[in-house]
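Q: Okay, here's the structure, questions in a sec.
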Amino acid sequence: MMQGPIRVFVSVWVSVVCVLSVAPGALGDRFLEQANRAAAVTPGTQAMEDVLFPALAAMDEPPSLALSVEEMVTLRETDSRWRELERWAARDPQQAVIKALAEVGDPDQRFVLGIPYDSAKSAPEEWRRAGLVNSIGRGGELGTVSFDYLDRMEWLLRLALVDSFRLAREGNGEASLDVLIDLLRLGRVLADRPSATEKQFAFVLMRVALERVRDVVYSHQSAFTSTILKEAIPELDDRAMTLNRISFPVFERLAAEQALSRGFEERGEVRVGALAELLAKSASNMLPLRTFSEYAWYERLASQHEGWFETSDRIQAVWGDFEIRWNNQNWNEPTLRRVTDFEQTDPTKFSVIRRFGGIDAETDLYRFLSQIRFDTVTELRGTYNSLGVVAFRLDNRAFPPVLAAIQPRYVPRLALDPYAWNERLRRQEDFGYFVPIRDQTFGPRELPRPYAVRVNLFENDQMRAPTPAQEDAPAGAGMSMAAPPGAAGGGFGGMMTGVGGGLQADAMEDIPDDLIDEETGRVRVDVLRRWFLQNVDDYEISRDDLEEMNQFLPMLAGVLGSPEMAREQAGTVVSMLNADPAIRNALTGFGVDMSAVERLIPDLLADLARDASVRSAMEKARAGERLSGSDIQSMLRGMVNVVVQDRYIDPIQEFLVLLVSDDFPMGGIGDQAFFIAMVDDSQFLLYSLGPNRRNDLAAVVGAGGDDILIWPPISALRRANQ
């Protein structure tokens with residue numbers, strides 16, 4: 001009965017002892033002082049916080065904070081939540097922030113963010129109330145720093161993303177881009193902060209800003225002229241942004257050296273109790289109960305740690321290796337792919353190195369941050385080129401025949417794809433570029449058709465066997481100081497989170513109780529048809545749905561124009577089914593008889609073309625008439641009546657039974673949620689070769705995709721395909 005009270009008493013006592021045992025002057029020790037000096041304003045620069053923080057402190061809380069930033073930017077402008085966000089952005093407190101952002105975004109003024117890592121004890125009261133501080137544990141351990149101000153920085157990010165769209169919708173494209181370029185410059189300033197967490201935040205902020213630049217131009221092209229775009233393009237030149245001059249973070253090395261100073265006898269052995277206490281406090285962020293609960297685990301780790309000399313040498317080796325690699329200006333150098341000193345470090349014998357030098361026991365700060373930097377450069381160069389292509393089209397009413405045609409009139413120099421490295425010639429090459437239909441080759445009996453792009457929405461985390469240092473570890477113990485967004489200790493948890501399995505869960509709601517025949521275990525086709533028809537009748541077709549369907553129908557009419565035409569196009573449809581082996585293999589694994597499906601496609605397409613309601617819709621589409629909501633619902637009912645028949649359902653019976661069961665792996669086929677975007681010749685595709693460094697023609701993009709899609713922007717495609 002006394003276990004709970006005893007636990008609380010002991011944990012509080014441990015916390016008191018921890019505070020009292022801090023050496024005199026520890027709050028002002030040299031490691032904290034060095035970290036603060038690295039972050040401080042220097043001669044010739046100005047303190048950004050003096051301009052920006054008063055406005056941030058007066059901000060109203062953003063609506064819809066429960067949405068991640070990624071979810072927020074894919075809201076349609078007709079969504080009530082989006083309209084509320086626009087009203088919030090237009091209010092005076094938020095416009096004061098936009099004004100302050102423009103002031104600190106002036107590159108000629110040389111603003112830096114100079115707040116120290118223990119600013120909570122000295123910041124103005126209104127800053128402290130707004131969380132615009134860094135807070136640190138009472139012992140002054142760098143591992144306990146909480147980057148509180150980043151939460152309010154995310155508010156600013158949300159504001160800029162919303163206000164840029166609001167301005168573009170009102171026709172002010174120039175002001176819209178100004179806001180986003182100022183946001184990009186803010187990210188560049190934050191990237192000069194000394195800690196890995198702040199640099200990570202900065203890179204994510206810059207990538208979100210660059211995606212939004214493309215998104216706003218794509219979604220509101222009428223607000224932009226070639227002149228506006230040509231004036232913005234030089235601001236996106238990577239020579240102006242100087243991402244190659246961002247230094248490697250020093251904060252985590254100082255934290256490791258501080259741990260060496262406090263947790264070891266100088267030139268001697270580990271002080272097990274002191275090191276365990278320091279590691280536990282840095283992992284638990286000074287929560288007393290958690291510190292106590294994790295202490296025993298860290299005590300065991302500390303008892304296995306190498307001594308002062310070995311640890312000191314290892315810190316120098318690991319961070320020296322990090323900096324040599326980071327400063328290598330040829331980011332495609334094959335030697336950079338060799339194992340790092342961190343990867344060769346035993347995490348059991350050097351838990352200090354693991355704690356402060358890595359994201360986890362397997363991923364070090366260099367690998368993590370260099371990948372983010374590389375991808376940010378890719379996004380920057382791709383955005384620069386894509387605006388040049390759009391400006392070319394605005395002037396010439398056609399897309400450039402090749403990407404190089406935008407140089408030098410629209411871009412001073414063509415930006416090259418960082419991933420397209422030609423090892424033989426020792427140089428980077430162009431981004432991938434083509435215009436669907438115009439640049440595709442079709443057979444003599446094929447009708448030109450839009451290009452299919454598979455967009456992956458998220459990657460499921462894969463379970464890995466724990467390393468020896470992770471076995472029995474308490475929650476958060478394996479996290480480094482630079483935890484990814486949404487992870488313990490990483491802060492800014494609302495940024496760029498993935499889409500969960502709820503997409504599929506929503507689609508499977510209200511399943512009829514009698515859908516599965518209890519005797520045969522098969523789907524009742526008549527019940528399935530009735531359920532689908534009811535869903536068609538209940539669905540309210542929005543204005544956006546109507547617009548998208550009317551854009552799509554002329555292409556569909558090219559397939560279903562007549563039964564004969566439909567049979568001729570069957571081969572194209574089969575080819576599309578086989579375009580992604582991963583999908584085909586996954587469907588086969590779920591029991592779909594793909595051979596039978598392929599054999600039935602010609603008959604299925606011909607039957608669809610014969611249906612009266614489908615035929616009526618196709619005739620209107622070919623005649624250039626717009627279909628009404630009732631026309632589309634009638635067409636969908638006809639399609640359901642044709643498709644949901646025993647003959648066409650039999651090959652997918654096993655899959656349908658699994659789909660409606662509790663055993664179906666949520667998240668999409670093959671543990672990957674995705675959608676297919678059809679891109680026609682009204683747009684162009686611009687893409688990077690991505691990490692596999694192979695030209696896959698942007699067939700699979702998004703999370704875990706083969707290529708990195710620059711244009712069309714993925715956020716715009718997601719919004720259109722919701």
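Naming scheme: A, B, ... for chains in displayed order of the structure tokens; residues 1 onward per chain; ligands 1 onward as shown.
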Please extract the residues of segment 510-674 of chain A with a backbone DSSP assignment of helix (DSSP H, G or I) and present them as a PyMOL selection string.

A: chain A and resi 525-538+543-557+563-568+570-577+581-589+594-610+612-622+629-643+646-659+669-671

Q: With only C-alpha atoms as the counted atoms, please give the residues lying no more than 12 Å from Ile541 of chain A, apart from itself and same-chain residues fewer than 2 positions off, as a ChimeraX atom specification.

A: /A:535-539,543-549,627-633,636

Q: Which residues, written as a ChimeraX atom specification, have at least one atom at most 6 Å from Arg693 of chain A, with only C-alpha atoms counted and residues fewer than 3 positions away on the same chain left out?

A: /A:419,689-690

Q: Could you save the residues just selected, with C-alpha atoms, as a tab-separated table (two decimals), in the first residue's frame?

A:
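The resulting file, selection.tsv, is reproduced below:
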chain	number	residue	atom	x	y	z
A	419	TYR	CA	21.48	13.76	-56.73
A	689	LEU	CA	16.68	11.54	-59.21
A	690	GLY	CA	16.54	11.10	-55.45

Q: List as a list in words the protein and nucleic acid residues near Ala38 of chain A, meaning an atom at most 8 Å away when only C-alpha atoms are counted, but skip any in the same chain fewer than 3 places from it.

A: Gln34, Ala35, Arg193 and Pro194 of chain A

Q: Mind checking which residues fall within 10 Å of segment 647-652 of chain A, counting only C-alpha atoms, ignoring those fewer than 5 positions away in the same chain, and posting them as a PyMOL selection string?

A: chain A and resi 522-525+528+587-588+590-597+600-601+603-604+642+657

Q: Restricting the calculation to only C-alpha atoms: of A:Ala716, A:Met206, A:Leu85, A:Val660, which residue gets closest to Asp513 of chain A?

A: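 Closest to Asp513 of chain A of all the choices is A:Val660.
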
Q: Each residue of segment 192-244 of chain A lying at most 9 Å from segment 373-394 of chain A should get a row with its shortest atom-to-atom pair and the distance in Å to one decimal, counting only C-alpha atoms; could you produce that, ordered by chain and increasing number, as JSON lines?

A:
{"residue": "A:Gln200", "atom": "CA", "partner": "A:Arg373", "partner_atom": "CA", "distance": 8.8}
{"residue": "A:Phe203", "atom": "CA", "partner": "A:Thr376", "partner_atom": "CA", "distance": 6.5}
{"residue": "A:Val204", "atom": "CA", "partner": "A:Thr376", "partner_atom": "CA", "distance": 8.0}
{"residue": "A:Met206", "atom": "CA", "partner": "A:Thr376", "partner_atom": "CA", "distance": 7.1}
{"residue": "A:Arg207", "atom": "CA", "partner": "A:Thr376", "partner_atom": "CA", "distance": 5.7}
{"residue": "A:Leu210", "atom": "CA", "partner": "A:Leu380", "partner_atom": "CA", "distance": 6.5}
{"residue": "A:Glu211", "atom": "CA", "partner": "A:Glu379", "partner_atom": "CA", "distance": 7.6}
{"residue": "A:Val213", "atom": "CA", "partner": "A:Thr383", "partner_atom": "CA", "distance": 7.6}
{"residue": "A:Arg214", "atom": "CA", "partner": "A:Thr383", "partner_atom": "CA", "distance": 6.5}
{"residue": "A:Val217", "atom": "CA", "partner": "A:Leu387", "partner_atom": "CA", "distance": 8.1}
{"residue": "A:Tyr218", "atom": "CA", "partner": "A:Val390", "partner_atom": "CA", "distance": 8.8}
{"residue": "A:Gln221", "atom": "CA", "partner": "A:Val390", "partner_atom": "CA", "distance": 8.8}
{"residue": "A:Phe224", "atom": "CA", "partner": "A:Ala391", "partner_atom": "CA", "distance": 8.8}
{"residue": "A:Thr225", "atom": "CA", "partner": "A:Leu394", "partner_atom": "CA", "distance": 6.9}
{"residue": "A:Ser226", "atom": "CA", "partner": "A:Ala391", "partner_atom": "CA", "distance": 4.4}
{"residue": "A:Thr227", "atom": "CA", "partner": "A:Ala391", "partner_atom": "CA", "distance": 7.7}
{"residue": "A:Ile228", "atom": "CA", "partner": "A:Ala391", "partner_atom": "CA", "distance": 8.7}
{"residue": "A:Leu229", "atom": "CA", "partner": "A:Ala391", "partner_atom": "CA", "distance": 6.2}
{"residue": "A:Lys230", "atom": "CA", "partner": "A:Ala391", "partner_atom": "CA", "distance": 7.0}
{"residue": "A:Ala232", "atom": "CA", "partner": "A:Leu387", "partner_atom": "CA", "distance": 8.6}
{"residue": "A:Ile233", "atom": "CA", "partner": "A:Tyr384", "partner_atom": "CA", "distance": 5.7}
{"residue": "A:Pro234", "atom": "CA", "partner": "A:Tyr384", "partner_atom": "CA", "distance": 8.0}
{"residue": "A:Glu235", "atom": "CA", "partner": "A:Tyr384", "partner_atom": "CA", "distance": 8.7}
{"residue": "A:Leu236", "atom": "CA", "partner": "A:Tyr384", "partner_atom": "CA", "distance": 5.6}
{"residue": "A:Asp237", "atom": "CA", "partner": "A:Tyr384", "partner_atom": "CA", "distance": 6.6}
{"residue": "A:Asp238", "atom": "CA", "partner": "A:Arg381", "partner_atom": "CA", "distance": 6.7}
{"residue": "A:Met241", "atom": "CA", "partner": "A:Leu380", "partner_atom": "CA", "distance": 9.0}
{"residue": "A:Leu243", "atom": "CA", "partner": "A:Val377", "partner_atom": "CA", "distance": 7.2}
{"residue": "A:Asn244", "atom": "CA", "partner": "A:Arg373", "partner_atom": "CA", "distance": 8.6}

Q: Would you list the contacts of Ala223 of chain A as number ranges by chain, taking every protein, DNA or RNA residue within 6 Å and counting only C-alpha atoms, but skipping same-chain residues closer than 3 positions in sequence?

A: A: 168, 171, 173, 220

Q: What separation in Å, quoted to one decimal, exists between atom CA of Ser634 of chain A and atom CA of Arg719 of chain A?

A: 25.3 Å

Q: Between atom CA of Phe674 of chain A and atom CA of Leu686 of chain A, what distance in Å does the model show, to one decimal?

A: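 Atom CA of Leu686 of chain A lies 19.7 Å from atom CA of Phe674 of chain A.
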
Q: Considering only C-alpha atoms, can you say which of A:Phe442, A:Leu414, A:Glu198, A:Glu61 comes closest to Glu429 of chain A?

A: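 When distances to Glu429 of chain A are compared using only C-alpha atoms, the smallest one comes from A:Leu414.
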
Q: With only C-alpha atoms as the atoms that count, which of A:Met59, A:Ile708, A:Leu65, A:Ala677 lies nearest to Phe552 of chain A?

A: A:Ala677

Q: Identify, with DSSP run on backbone atoms, the residues in segment 116-344 of chain A assigned to strand (DSSP E or B), and express the list as a PyMOL selection string.

A: chain A and resi 135+146+264+270

Q: Need to verify the contact set: segment 151-157 of chain A, 7 Å, only C-alpha atoms, exclusion of same-chain residues closer than 4 positions in sequence. Can you return it as an NGL selection string?

A: :A and (56 or 62 or 132 or 161 or 492)

Q: Using only all heavy atoms, please write the residues we just selected to a file, as a PDB file, in the first residue's frame.

A:
ATOM      1  N   LEU A  56       5.734  38.107 -31.746  1.00  0.00           N
ATOM      2  CA  LEU A  56       5.361  36.713 -31.516  1.00  0.00           C
ATOM      3  C   LEU A  56       4.657  36.545 -30.168  1.00  0.00           C
ATOM      4  O   LEU A  56       3.726  35.749 -30.031  1.00  0.00           O
ATOM      5  CB  LEU A  56       6.596  35.813 -31.565  1.00  0.00           C
ATOM      6  CG  LEU A  56       7.213  35.556 -32.949  1.00  0.00           C
ATOM      7  CD1 LEU A  56       8.499  34.750 -32.805  1.00  0.00           C
ATOM      8  CD2 LEU A  56       6.240  34.829 -33.853  1.00  0.00           C
ATOM      9  N   PRO A  62      -3.063  30.008 -33.035  1.00  0.00           N
ATOM     10  CA  PRO A  62      -3.633  29.607 -34.324  1.00  0.00           C
ATOM     11  C   PRO A  62      -4.797  28.637 -34.147  1.00  0.00           C
ATOM     12  O   PRO A  62      -4.775  27.790 -33.243  1.00  0.00           O
ATOM     13  CB  PRO A  62      -2.463  28.909 -35.030  1.00  0.00           C
ATOM     14  CG  PRO A  62      -1.240  29.302 -34.278  1.00  0.00           C
ATOM     15  CD  PRO A  62      -1.669  29.554 -32.869  1.00  0.00           C
ATOM     16  N   LEU A 132       8.915  32.107 -25.224  1.00  0.00           N
ATOM     17  CA  LEU A 132       9.943  32.521 -26.176  1.00  0.00           C
ATOM     18  C   LEU A 132      11.316  32.520 -25.510  1.00  0.00           C
ATOM     19  O   LEU A 132      12.019  33.544 -25.458  1.00  0.00           O
ATOM     20  CB  LEU A 132       9.600  33.892 -26.749  1.00  0.00           C
ATOM     21  CG  LEU A 132       8.464  33.873 -27.776  1.00  0.00           C
ATOM     22  CD1 LEU A 132       7.870  35.261 -27.973  1.00  0.00           C
ATOM     23  CD2 LEU A 132       8.966  33.312 -29.105  1.00  0.00           C
ATOM     24  N   LEU A 161       2.425  30.417 -43.962  1.00  0.00           N
ATOM     25  CA  LEU A 161       1.849  29.506 -44.955  1.00  0.00           C
ATOM     26  C   LEU A 161       0.414  29.895 -45.291  1.00  0.00           C
ATOM     27  O   LEU A 161       0.001  29.824 -46.453  1.00  0.00           O
ATOM     28  CB  LEU A 161       1.896  28.073 -44.428  1.00  0.00           C
ATOM     29  CG  LEU A 161       3.282  27.491 -44.123  1.00  0.00           C
ATOM     30  CD1 LEU A 161       3.164  26.070 -43.586  1.00  0.00           C
ATOM     31  CD2 LEU A 161       4.170  27.515 -45.361  1.00  0.00           C
ATOM     32  N   PHE A 492       8.489  20.919 -31.484  1.00  0.00           N
ATOM     33  CA  PHE A 492       7.710  21.162 -32.701  1.00  0.00           C
ATOM     34  C   PHE A 492       7.066  19.904 -33.234  1.00  0.00           C
ATOM     35  O   PHE A 492       7.169  19.526 -34.392  1.00  0.00           O
ATOM     36  CB  PHE A 492       8.545  21.868 -33.788  1.00  0.00           C
ATOM     37  CG  PHE A 492       9.906  21.302 -34.071  1.00  0.00           C
ATOM     38  CD1 PHE A 492      10.111  20.454 -35.141  1.00  0.00           C
ATOM     39  CD2 PHE A 492      10.989  21.632 -33.277  1.00  0.00           C
ATOM     40  CE1 PHE A 492      11.367  19.950 -35.426  1.00  0.00           C
ATOM     41  CE2 PHE A 492      12.244  21.123 -33.563  1.00  0.00           C
ATOM     42  CZ  PHE A 492      12.435  20.293 -34.632  1.00  0.00           C
TER      43      PHE A 492
END

Q: How many Å separate atom CA of Arg87 of chain A from atom CA of Asp60 of chain A?

A: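 Between these atoms lies a distance of 11.5 Å.
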